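J.: Dropping a structure here in structure tokens format, bear with me for questions.
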Amino acid sequence: MTEQAKARLAESKLGFIGVGNMGGAIIRGLLAGGRVARENLVYYDPDPVRQAQLDELGVEAALDTPEVMHAPVVVLAVKPQVMPAVLAGIKDFARPWHLMISIAAGVPLAALEAALPESRVIRVMPNTPTLVGAGMAALAPGSRATAADLALAQELFEAVGQAVIIEERLMDAVTGLSGSGPAFVAVFLEALADGGVKMGLPRPLA
């Protein structure tokens with residue numbers, strides 16, 4: 001990515017609403033790659049287990065979602081079924097200077113922009129290899145997102161793999177291929193290992 005995007009990301013305060021497997025993996029990638037200082041990160045997640053995991057990383061915990069909205073860049077890393085409640089809780093705090101990045105599968109830009117009418121929005125579809133730093137993320141910009149916003153978001157997701165920019169109409173295809181594809185590869189690899197075991201190899205070696 002451009003040096004400007006790297007610098008903007010490094011200087012930005014980043015908020016995360018939800019730090020489950022995906023949100024937590026992104027934070028770890030950002031810290032491991034030195035893209036963002038831990039003092040520039042803040043999160044909210046009601047799960048005590050997730051809180052303990054982020055405490056170990058030294059990341060600041062917010063008391064609620066509105067507190068996270070003090071950050072100019074906010075990643076919405078919650079499950080799709082939780083998104084309506086999250087959007088309802090932050091809509092009164094969303095401002096034109098906010099860049100909101102959603103990784104909730106199946107939640108379209110139209111719904112995000114309707115709920116956050118003043119903010120800039122980017123929709124992202126990451127995949128499970130993100131958990132090991134080898135992810136593939138597809139980014140679709142909303143109508144108000146700028147080229148600089150896209151560059152920053154791309155830099156953010158390249159902390160945990162690769163990132164490309166697509167039209168939103170292609171997001172369903174990405175979800176099917178990128179989201180489900182690794183699972184099929186895992187099944188294939190497991191089958192190969194099973195074959196090795198059948199021929200006499202110890203399971204760990206296979």
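Within each chain, counting starts at residue 1; across the structure tokens, chains are named A, B, ... in the order shown, with ligands numbered 1 upward in that order.
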Give me, as a list in words, all polymer residues having an atom no more than 6 Å from range 21-37 of chain A, counting only C-alpha atoms and skipping those fewer than 6 positions away in the same chain.
T.: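 Within the cut-off, the hits are Ala10, Ala77, Leu131, Ala159 and Val160 of chain A.
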J.: Would you kindly return, as a PDB file with C-alpha atoms, in the first residue's frame, each protein, DNA or RNA residue with an atom no farther than 6 Å from any atom of range 147-156 of chain A, considering only C-alpha atoms and excluding same-chain residues fewer than 3 positions away?
T.:
ATOM      1  CA  ALA A   5      -2.059   4.886   3.884  1.00  0.00           C
ATOM      2  CA  LEU A   9      -3.280   3.921   9.720  1.00  0.00           C
ATOM      3  CA  ALA A 159      -1.951  -6.943   8.316  1.00  0.00           C
ATOM      4  CA  ALA A 163      -6.873  -7.457   0.458  1.00  0.00           C
TER       5      ALA A 163
END
J.: Distance CA of Ala71 in chain A-CA of Tyr44 in chain A, one decimal place?
T.: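 Taking CA of Ala71 in chain A and CA of Tyr44 in chain A, their separation equals 12.0 Å.
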J.: So that I can check the surroundings of range 97-109 of chain A, please list as a ChimeraX atom specification every protein, DNA and RNA residue that reaches within 9 Å of it, counting only C-alpha atoms and ignoring chain neighbours fewer than 2 positions away.
T.: /A:22-23,69,71-81,83,94-95,111-114,116,118-126,140-143,145,149,153,168,171-172,175
J.: From a DSSP pass on the backbone, collect the residues of chain A flagged as helix (DSSP H, G or I) and hand them back as a ChimeraX atom specification.
T.: /A:3-11,21-32,38-40,48-57,65-68,80-93,109-115,128-132,147-160,168-198
J.: Looking at A:Leu14, A:Leu41, A:Ala193, A:Met136, which one is nearest to Gly179 in chain A, with distances taken over only C-alpha atoms?
T.: A:Met136
J.: How many Å lie between CA of Gly181 in chain A and CA of Ala110 in chain A, rounded to one decimal?
T.: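 About the pair CA of Gly181 in chain A and CA of Ala110 in chain A: they are 26.6 Å apart.
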J.: Looking at A:Thr130, A:Lys91, A:Ala138, A:Leu189, which one is nearest to Pro117 in chain A, with distances taken over only C-alpha atoms?
T.: A:Lys91
J.: From the DSSP assignment of the backbone, select every residue of range 9-185 of chain A that is strand (DSSP E), and format the answer as an MDAnalysis selection string.
T.: chainID A and resid 14:17 41:44 60:61 73:76 99:102 120:125 135:141 161:165
J.: CA of Lys6 in chain A and CA of Glu67 in chain A, how far apart in Å?
T.: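 Interatomic distance here is 25.2 Å.
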J.: Residues at most 9 Å from Thr65 in chain A, counting only C-alpha atoms, excluding those fewer than 5 positions away in the same chain, as a PyMOL selection string?
T.: chain A and resi 16-17+43-45+86+89-90
J.: Applying 9 Å and only C-alpha atoms, which residues near Gly196 in chain A remain after dropping the ones on its own chain fewer than 6 positions away? List them as a compact mmCIF listing (two decimals) with N, CA and C atoms, in the first residue's frame.
T.:
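Listing of around.txt after writing:
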# COMPACT_ATOMS: atom_id res chain seq x y z
N PRO A 202 2.28 -42.68 10.96
CA PRO A 202 1.67 -42.16 12.19
C PRO A 202 0.88 -40.88 11.87
N ARG A 203 -0.22 -40.67 12.58
CA ARG A 203 -1.08 -39.51 12.30
C ARG A 203 -0.32 -38.18 12.33
N LEU A 205 2.76 -37.51 11.69
CA LEU A 205 3.62 -37.40 10.53
C LEU A 205 2.81 -37.19 9.26
N ALA A 206 1.72 -37.92 9.16
CA ALA A 206 0.84 -37.78 7.98
C ALA A 206 0.31 -36.36 7.89
